[in-house]
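A.B. asks: One structure follows; several queries about it will come next.
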Amino acid sequence: MKSTYSYDKLFKIGDVDPKVWSSFTEHLGRSIYGGIYDPDKDFSDKDGFREDVKKEVKNLNLGVIRYPGGNFVSNYNWKDGIGPKKDRKKTMEFAWSSIETNQFGIDDFCQWAEEVGVEPMIAVNLGTGDIRSAAELVEYCNHDHGTYWSDLRIKNGHRKPYNIKYWCLGNEMEGDWQAGHMSAEDYAKKAREAAKMMKWVDKSIKLVACGSSYEMLPTYLEWDRIIMKSLYPYVDYISTHNYNMNSNQGTLNFLSSWKQLDQHIKNTKNALNYAQSLQKKDRDKDIKICLDEWNVWNFQDIKLDSLDDLNGMTTFELTSAKKWEEHPAILQEKYSLLDALTVGGLGITILNNTDTVEIACLAQLLNVIAPITTNEDGQLLKQTIYYPFELLSKYGRGTVLEPQVTGDTQHTDYGDLPVIESATIYDSDKNQVKVFALNTDTKNTSHLSLNIANLGDLKLTKHVTLTGDDLEARDTFDEPNKVIPKDLDVADSDSNDITLPKASWNLLVFDVK
Ligand code: AHR
């Protein structure tokens, strides 16, 4: 089968923002403890940060890392996580039914983020937290000195303010699994007042309103319509989350679930457009989407048959954790080749929505539904989904072009879709074209034909493919290289007919002549 992608260099979707390749780490399971922070081990540095993790995170070249949650944030008091570690108290953590030791907090995260060269994006607690505490956190982090909270930061060993730019106004406040869950009207009011106070402390910050995420909730999109009507003048982004699950929909449908994400993003955009049309003053303000959680999540450690059953449950009822453990090893998903191909497809969709999605965080980064797994012996494993994400972050930069697609289609739950799903980027700095392409035909090779008007001839210089006969194959500590991308020979290639292996995700790099 064949897909033809036709472009014109002048017809652009948009420039990829560096924050499109971002991630997320939550006080959940072993994401922070055992992931980032593993004190008194010979594989960690003097501050307790794992050296192997720092190296791999640096390699991912991330835009921002969102912290500290997630569901966790909605009952978190950031003041418990500052000051001398021996004085920090243990608290009950309600989102995941754990004990939070508070040995890692905002100062530790900001220091670590600086060491790995990533900007922090911090969520404030708008569930059980009050708006004054949110403003005080901005003061603690961003005010230079001379006030109680800024001087306390200095006393805690951090002379320079962190100048954190991106702030999330709560997390998934539409769901009743969230501590302090409220109606859209109540959230809009609380978020507006928090936004005012946080910007009074530092007017340069950028704020993310908490949009709706879960399509099965009756408030989906209605929530966004209501909150954005009043929050539009106060915020800079709206968030949404999207997880794709391999249930029993069949391989082709799972591989094609990029289409669901595409629709999800467009739904949020439509709600945003509606709210924008109702504005009297801020009609021209272009609010972007912050997709601050996305990934494949197969609920291997959640006792649920489908996301539809989540409503009304608290998350701690669902995982394998025994109640009140310190950083239990929960939600440690093991990813297959098929999951990796699907993640690659989702990445392509994010690129093709780069006009509206300015921040996107792969959720999460370490151990919990994550591309990177660590063990207690100081070993680190890159899971299958690490590879498409790494290549997207490395090569997915430049200007995404607007495609016209023709060719063969396959019938899926999402309609008839092209056999190859693809995104094409023109990188004017390098005078290169970079193409990401997912062949959803699981039995046969497919052929990609690429035409770009108003650009010179293309010479293929690199073809990396992720594929294999066993879609269920996984990387493990014993066999870490079972599923890894391979470079193919590009000697005799022709941009009008590039062969993509069956069930494969591909990166193609062309020099423009
Ligand atoms: O990433 C895991 C959880 O998924 C987050 O805590 C929550 O925001 C989402 O539902």
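To be explicit about the labels: the chains of the structure tokens are called A, B, and onward in the order shown, and within each one the residues are counted from 1, while ligands get numbers from 1 in the order they are shown.
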Go through segment 224-382 of chain A and collect every residue that DSSP, computed from the backbone, puts in strand (DSSP E); the answer should be as an mmCIF file with C-alpha atoms, in the first residue's frame.
C.D. replies:
```
data_model
loop_
_atom_site.group_PDB
_atom_site.id
_atom_site.type_symbol
_atom_site.label_atom_id
_atom_site.label_comp_id
_atom_site.auth_asym_id
_atom_site.auth_seq_id
_atom_site.Cartn_x
_atom_site.Cartn_y
_atom_site.Cartn_z
ATOM 1 C CA TYR A 237 -2.688 28.214 28.438
ATOM 2 C CA ILE A 238 -5.398 25.652 28.989
ATOM 3 C CA SER A 239 -4.338 22.142 29.961
ATOM 4 C CA THR A 240 -5.715 18.811 28.882
ATOM 5 C CA HIS A 241 -4.540 15.229 29.475
ATOM 6 C CA ASN A 242 -4.829 12.225 27.204
ATOM 7 C CA TYR A 243 -3.842 8.613 27.788
ATOM 8 C CA ASN A 244 -4.295 5.913 25.149
ATOM 9 C CA LYS A 288 -2.452 27.763 23.545
ATOM 10 C CA ILE A 289 -2.954 24.194 24.693
ATOM 11 C CA CYS A 290 -0.714 22.652 27.329
ATOM 12 C CA LEU A 291 -1.088 18.896 26.861
ATOM 13 C CA ASP A 292 0.599 18.371 30.195
ATOM 14 C CA GLU A 293 0.017 14.612 30.396
ATOM 15 C CA TRP A 294 0.066 12.272 27.395
ATOM 16 C CA ASN A 295 1.206 8.713 26.899
ATOM 17 C CA VAL A 296 0.122 5.135 26.392
ATOM 18 C CA GLU A 325 3.689 2.629 52.254
ATOM 19 C CA GLU A 326 6.571 5.004 51.517
ATOM 20 C CA VAL A 357 -0.152 22.744 21.272
ATOM 21 C CA GLU A 358 2.742 24.726 22.707
ATOM 22 C CA ILE A 359 3.572 22.541 25.718
ATOM 23 C CA ALA A 360 3.274 18.737 25.838
ATOM 24 C CA CYS A 361 4.549 16.564 28.689
ATOM 25 C CA LEU A 362 5.126 12.851 28.239
ATOM 26 C CA ALA A 363 3.649 11.422 31.449
ATOM 27 C CA ILE A 372 12.940 5.344 31.968
ATOM 28 C CA THR A 373 12.969 2.644 34.649
ATOM 29 C CA THR A 374 15.508 2.382 37.451
ATOM 30 C CA LEU A 380 18.709 2.108 34.425
ATOM 31 C CA LEU A 381 16.563 0.740 31.610
ATOM 32 C CA LYS A 382 15.323 2.638 28.602
#
```
A.B. asks: Around ligand 1, at most 10 Å away and counting only C-alpha atoms and all ligand atoms, which residues are there? Put them as a PyMOL selection string, please.
C.D. replies: chain A and resi 24-28+68-74+95-96+170-173+175+177-178+213-214+240-243+292-295+297+310+315+331+362-365+368-370
A.B. asks: Please write the residues from the selection above to a file, keeping C-alpha atoms, as a compact mmCIF listing (two decimals), in the first residue's frame.
C.D. replies:
```txt
# COMPACT_ATOMS: atom_id res chain seq x y z
CA PHE A 24 6.34 15.24 34.04
CA THR A 25 7.36 13.82 37.39
CA GLU A 26 5.01 13.38 40.32
CA HIS A 27 5.34 12.36 43.96
CA LEU A 28 3.87 9.01 42.98
CA PRO A 68 4.96 17.85 41.72
CA GLY A 69 1.68 16.40 40.34
CA GLY A 70 -0.67 15.19 39.13
CA ASN A 71 -3.30 14.08 41.58
CA PHE A 72 -0.67 14.38 44.33
CA VAL A 73 -0.61 18.16 44.17
CA SER A 74 -4.24 18.57 45.20
CA ALA A 95 -3.97 10.58 45.88
CA TRP A 96 -2.04 7.30 45.96
CA GLY A 170 -4.24 22.84 39.91
CA ASN A 171 -4.63 19.41 38.35
CA GLU A 172 -7.66 17.63 36.85
CA MET A 173 -10.04 19.58 39.03
CA GLY A 175 -12.64 14.73 38.50
CA TRP A 177 -10.93 11.51 42.40
CA GLN A 178 -9.19 14.83 43.01
CA SER A 213 -9.36 15.73 30.24
CA TYR A 214 -11.54 12.69 30.67
CA THR A 240 -5.72 18.81 28.88
CA HIS A 241 -4.54 15.23 29.48
CA ASN A 242 -4.83 12.22 27.20
CA TYR A 243 -3.84 8.61 27.79
CA ASP A 292 0.60 18.37 30.19
CA GLU A 293 0.02 14.61 30.40
CA TRP A 294 0.07 12.27 27.39
CA ASN A 295 1.21 8.71 26.90
CA TRP A 297 -1.12 3.79 29.73
CA LEU A 310 -12.90 5.56 36.94
CA THR A 315 -7.08 6.29 42.72
CA LEU A 331 2.11 2.04 38.14
CA LEU A 362 5.13 12.85 28.24
CA ALA A 363 3.65 11.42 31.45
CA GLN A 364 5.62 10.47 33.20
CA LEU A 365 9.44 10.52 33.09
CA VAL A 368 5.69 5.52 36.79
CA ILE A 369 4.15 5.04 33.29
CA ALA A 370 7.57 6.11 32.07
```
A.B. asks: Please provide as JSON, numbers by chain all residues within 7 Å of Asn439 of chain A, with the sequence filter that same-chain residues fewer than 2 positions apart are discarded (counting only C-alpha atoms).
C.D. replies: {"A": [419, 420, 421, 437, 441, 446, 500, 502, 503, 504, 505]}
A.B. asks: Okay, now the selection with C-alpha atoms, as a PDB file, in the first residue's frame?
C.D. replies:
```pdb
ATOM      1  CA  VAL A 419      -2.001   3.527   5.872  1.00  0.00           C
ATOM      2  CA  ILE A 420       0.901   5.822   6.766  1.00  0.00           C
ATOM      3  CA  GLU A 421       0.479   8.596   9.313  1.00  0.00           C
ATOM      4  CA  ALA A 437       6.105   8.186   9.599  1.00  0.00           C
ATOM      5  CA  ASP A 441      -0.028  -2.015   8.055  1.00  0.00           C
ATOM      6  CA  SER A 446       4.138   0.354   2.761  1.00  0.00           C
ATOM      7  CA  LEU A 500       8.623   1.479   5.383  1.00  0.00           C
ATOM      8  CA  LYS A 502       5.507  -3.463   8.245  1.00  0.00           C
ATOM      9  CA  ALA A 503       4.290  -2.122  11.620  1.00  0.00           C
ATOM     10  CA  SER A 504       7.070   0.451  11.896  1.00  0.00           C
ATOM     11  CA  TRP A 505       7.710   3.933  13.155  1.00  0.00           C
TER      12      TRP A 505
END
```
A.B. asks: Give me every alpha helix (DSSP H) residue in segment 162-261 of chain A, going by DSSP on the backbone, as a PyMOL selection string.
C.D. replies: chain A and resi 184-201+222-231+251-255+258-261
A.B. asks: How many Å lie between atom CA of Ser23 of chain A and atom CA of Asp52 of chain A, rounded to one decimal?
C.D. replies: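 Interatomic distance here is 17.4 Å.
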A.B. asks: Could you list, as an MDAnalysis selection string, every residue within 8 Å of Glu119 of chain A, counting only C-alpha atoms and ignoring same-chain residues fewer than 4 positions away?
C.D. replies: chainID A and resid 63:65 113:114 164
A.B. asks: Once you count only C-alpha atoms, what closest atom pair and distance in Å to one decimal does each residue of segment 380-409 of chain A within 10 Å of segment 457-466 of chain A have, with rows by chain and rising residue number, as CSV?
C.D. replies:
```
residue,atom,partner,partner_atom,distance
A:Thr384,CA,A:Leu466,CA,9.3
A:Tyr387,CA,A:Leu466,CA,8.2
A:Pro388,CA,A:Leu466,CA,7.9
A:Leu391,CA,A:Val464,CA,9.2
```
A.B. asks: Restrict the selected residues to N, CA, C and O atoms and save them as an mmCIF file, in the first residue's frame.
C.D. replies:
```cif
data_model
loop_
_atom_site.group_PDB
_atom_site.id
_atom_site.type_symbol
_atom_site.label_atom_id
_atom_site.label_comp_id
_atom_site.auth_asym_id
_atom_site.auth_seq_id
_atom_site.Cartn_x
_atom_site.Cartn_y
_atom_site.Cartn_z
ATOM 1 N N THR A 384 10.835 0.686 25.710
ATOM 2 C CA THR A 384 10.601 0.834 24.259
ATOM 3 C C THR A 384 10.137 2.242 23.891
ATOM 4 O O THR A 384 10.534 2.788 22.877
ATOM 5 N N TYR A 387 12.490 5.386 22.883
ATOM 6 C CA TYR A 387 13.165 5.618 21.603
ATOM 7 C C TYR A 387 12.415 6.573 20.662
ATOM 8 O O TYR A 387 13.019 7.510 20.137
ATOM 9 N N PRO A 388 11.112 6.370 20.419
ATOM 10 C CA PRO A 388 10.445 7.364 19.568
ATOM 11 C C PRO A 388 10.467 8.751 20.203
ATOM 12 O O PRO A 388 10.648 9.763 19.514
ATOM 13 N N LEU A 391 13.840 10.372 19.653
ATOM 14 C CA LEU A 391 14.034 10.827 18.271
ATOM 15 C C LEU A 391 13.161 12.043 17.956
ATOM 16 O O LEU A 391 13.574 12.958 17.240
#
```
A.B. asks: Could you give me, as a ChimeraX atom specification, the residues within 10 Å of Glu174 of chain A, counting only C-alpha atoms and dropping anything in the same chain fewer than 2 positions from it?
C.D. replies: /A:171-172,176-178,180-184,187,210-214,217-220,223-224
A.B. asks: With C-alpha atoms kept, could you save the residues just selected as a compact mmCIF listing (two decimals), in the first residue's frame?
C.D. replies:
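What ended up in selection02.txt:
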```txt
# COMPACT_ATOMS: atom_id res chain seq x y z
CA ASN A 171 -4.63 19.41 38.35
CA GLU A 172 -7.66 17.63 36.85
CA ASP A 176 -14.05 13.68 41.84
CA TRP A 177 -10.93 11.51 42.40
CA GLN A 178 -9.19 14.83 43.01
CA GLY A 180 -10.88 19.31 46.70
CA HIS A 181 -12.71 18.60 43.43
CA MET A 182 -15.21 21.34 42.62
CA SER A 183 -17.64 22.52 39.99
CA ALA A 184 -16.46 24.42 36.92
CA TYR A 187 -12.89 26.34 39.96
CA CYS A 210 -6.91 23.33 34.33
CA GLY A 211 -9.08 22.22 31.42
CA SER A 212 -11.03 18.99 31.21
CA SER A 213 -9.36 15.73 30.24
CA TYR A 214 -11.54 12.69 30.67
CA LEU A 217 -17.14 12.63 32.28
CA PRO A 218 -20.41 14.47 31.67
CA THR A 219 -18.56 17.77 32.22
CA TYR A 220 -16.06 17.16 29.39
CA TRP A 223 -16.07 22.50 31.90
CA ASP A 224 -13.68 24.23 29.47
```
A.B. asks: What's around Tyr33 of chain A at 12 Å? Count only C-alpha atoms, leave out sequence neighbours fewer than 6 positions away in its own chain, and write the answer as a compact mmCIF listing (two decimals) with N, CA and C atoms, in the first residue's frame.
C.D. replies:
```
# COMPACT_ATOMS: atom_id res chain seq x y z
N THR A 25 7.02 14.74 36.29
CA THR A 25 7.36 13.82 37.39
C THR A 25 6.55 14.19 38.62
N GLU A 26 5.96 13.16 39.23
CA GLU A 26 5.01 13.38 40.32
C GLU A 26 5.50 12.65 41.58
N HIS A 27 5.13 13.13 42.73
CA HIS A 27 5.34 12.36 43.96
C HIS A 27 4.35 11.19 43.91
N PRO A 39 19.13 8.75 47.95
CA PRO A 39 20.28 9.20 48.73
C PRO A 39 21.09 8.03 49.31
N GLY A 48 22.06 13.30 46.64
CA GLY A 48 21.13 12.17 46.56
C GLY A 48 20.50 12.01 45.18
N PHE A 49 20.96 12.79 44.19
CA PHE A 49 20.39 12.66 42.84
C PHE A 49 21.11 11.54 42.08
N ARG A 50 20.33 10.67 41.47
CA ARG A 50 20.93 9.56 40.71
C ARG A 50 21.69 10.10 39.50
N ILE A 99 2.70 7.14 52.15
CA ILE A 99 3.29 8.07 53.10
C ILE A 99 4.28 8.94 52.34
N GLU A 100 4.13 10.24 52.46
CA GLU A 100 5.05 11.18 51.83
C GLU A 100 6.09 11.57 52.88
N THR A 101 7.36 11.31 52.57
CA THR A 101 8.40 11.60 53.57
C THR A 101 8.87 13.05 53.51
N ASN A 102 8.52 13.73 52.43
CA ASN A 102 8.91 15.14 52.24
C ASN A 102 10.42 15.35 52.21
N GLN A 103 11.16 14.29 51.92
CA GLN A 103 12.62 14.44 51.83
C GLN A 103 13.03 15.13 50.52
N PHE A 104 12.09 15.26 49.62
CA PHE A 104 12.33 15.94 48.35
C PHE A 104 11.23 16.98 48.21
N GLY A 105 11.60 18.22 47.92
CA GLY A 105 10.61 19.29 47.80
C GLY A 105 11.01 20.28 46.72
N ASP A 108 14.72 21.05 46.17
CA ASP A 108 15.43 19.90 45.61
C ASP A 108 15.12 19.77 44.12
N PHE A 109 13.83 19.95 43.78
CA PHE A 109 13.44 19.81 42.38
C PHE A 109 14.10 20.89 41.52
N GLU A 326 5.75 3.93 52.07
CA GLU A 326 6.57 5.00 51.52
C GLU A 326 6.97 4.62 50.10
N HIS A 327 6.76 5.49 49.19
CA HIS A 327 7.01 5.31 47.75
C HIS A 327 6.90 3.86 47.26
N PRO A 328 5.69 3.31 47.27
CA PRO A 328 5.48 1.94 46.78
C PRO A 328 5.73 1.85 45.27
N ALA A 329 6.13 0.67 44.83
CA ALA A 329 6.46 0.50 43.40
C ALA A 329 5.17 0.32 42.59
N LEU A 366 9.89 8.97 34.92
CA LEU A 366 10.68 7.95 35.61
C LEU A 366 9.80 6.95 36.36
N ASN A 367 9.99 5.69 36.05
CA ASN A 367 9.39 4.55 36.77
C ASN A 367 7.87 4.45 36.70
N VAL A 368 7.17 5.54 36.82
CA VAL A 368 5.69 5.52 36.79
C VAL A 368 5.24 5.84 35.37
N THR A 374 14.28 2.60 36.68
CA THR A 374 15.51 2.38 37.45
C THR A 374 15.26 1.26 38.45
N ASN A 375 16.33 0.60 38.85
CA ASN A 375 16.14 -0.36 39.94
C ASN A 375 17.01 0.02 41.14
N GLU A 376 16.83 -0.72 42.21
CA GLU A 376 17.52 -0.35 43.45
C GLU A 376 18.99 -0.69 43.43
```
A.B. asks: One decimal, Å: what's the distance from atom CA of Ala188 of chain A over to atom CA of Trp167 of chain A, could you say?
C.D. replies: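 So the answer is 15.9 Å.
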A.B. asks: Would you list the contacts of Leu207 of chain A as a PyMOL selection string, taking every protein, DNA or RNA residue within 7 Å and counting only C-alpha atoms, but skipping same-chain residues closer than 6 positions in sequence?
C.D. replies: chain A and resi 166-169+235-237
A.B. asks: Which residue gives the smallest distance to Trp149 of chain A among A:Pro18, A:Pro501, A:Gly127, A:Gly83, with only C-alpha atoms counted?
C.D. replies: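 Ranking A:Pro18, A:Pro501, A:Gly127, A:Gly83 by distance to Trp149 of chain A, first place goes to A:Gly83.
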A.B. asks: Of the candidates A:Ser336, A:Thr412, A:Thr399, A:Ile348, which shows the shortest atom-to-atom distance to Thr467 of chain A, using only C-alpha atoms?
C.D. replies: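 Checking each candidate against Thr467 of chain A, we get A:Ser336 as the closest.
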A.B. asks: Would you please work out which residue, of A:Gln410, A:Thr476, A:Asn298, A:Asn75, is nearest to Gly129 of chain A when using only C-alpha atoms?
C.D. replies: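 Checking each of A:Gln410, A:Thr476, A:Asn298, A:Asn75 against Gly129 of chain A, counting only C-alpha atoms, the winner is A:Asn75.
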A.B. asks: Identify which of the residues A:Ser422, A:Gln432, A:Asn353, A:Asn246 lies closest to Lys269 of chain A, counting only C-alpha atoms when measuring atom-to-atom distances.
C.D. replies: A:Asn353
A.B. asks: So, counting only C-alpha atoms, which residue among A:Ser393, A:Asn352, A:Gln111, A:Asn481 is closest to Thr424 of chain A?
C.D. replies: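 Using only C-alpha atoms, the shortest distance to Thr424 of chain A belongs to A:Asn352.
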A.B. asks: Of the candidates A:Leu392, A:Ser247, A:Leu137, A:Asn444, which shows the shortest atom-to-atom distance to Leu508 of chain A, using only C-alpha atoms?
C.D. replies: A:Leu392
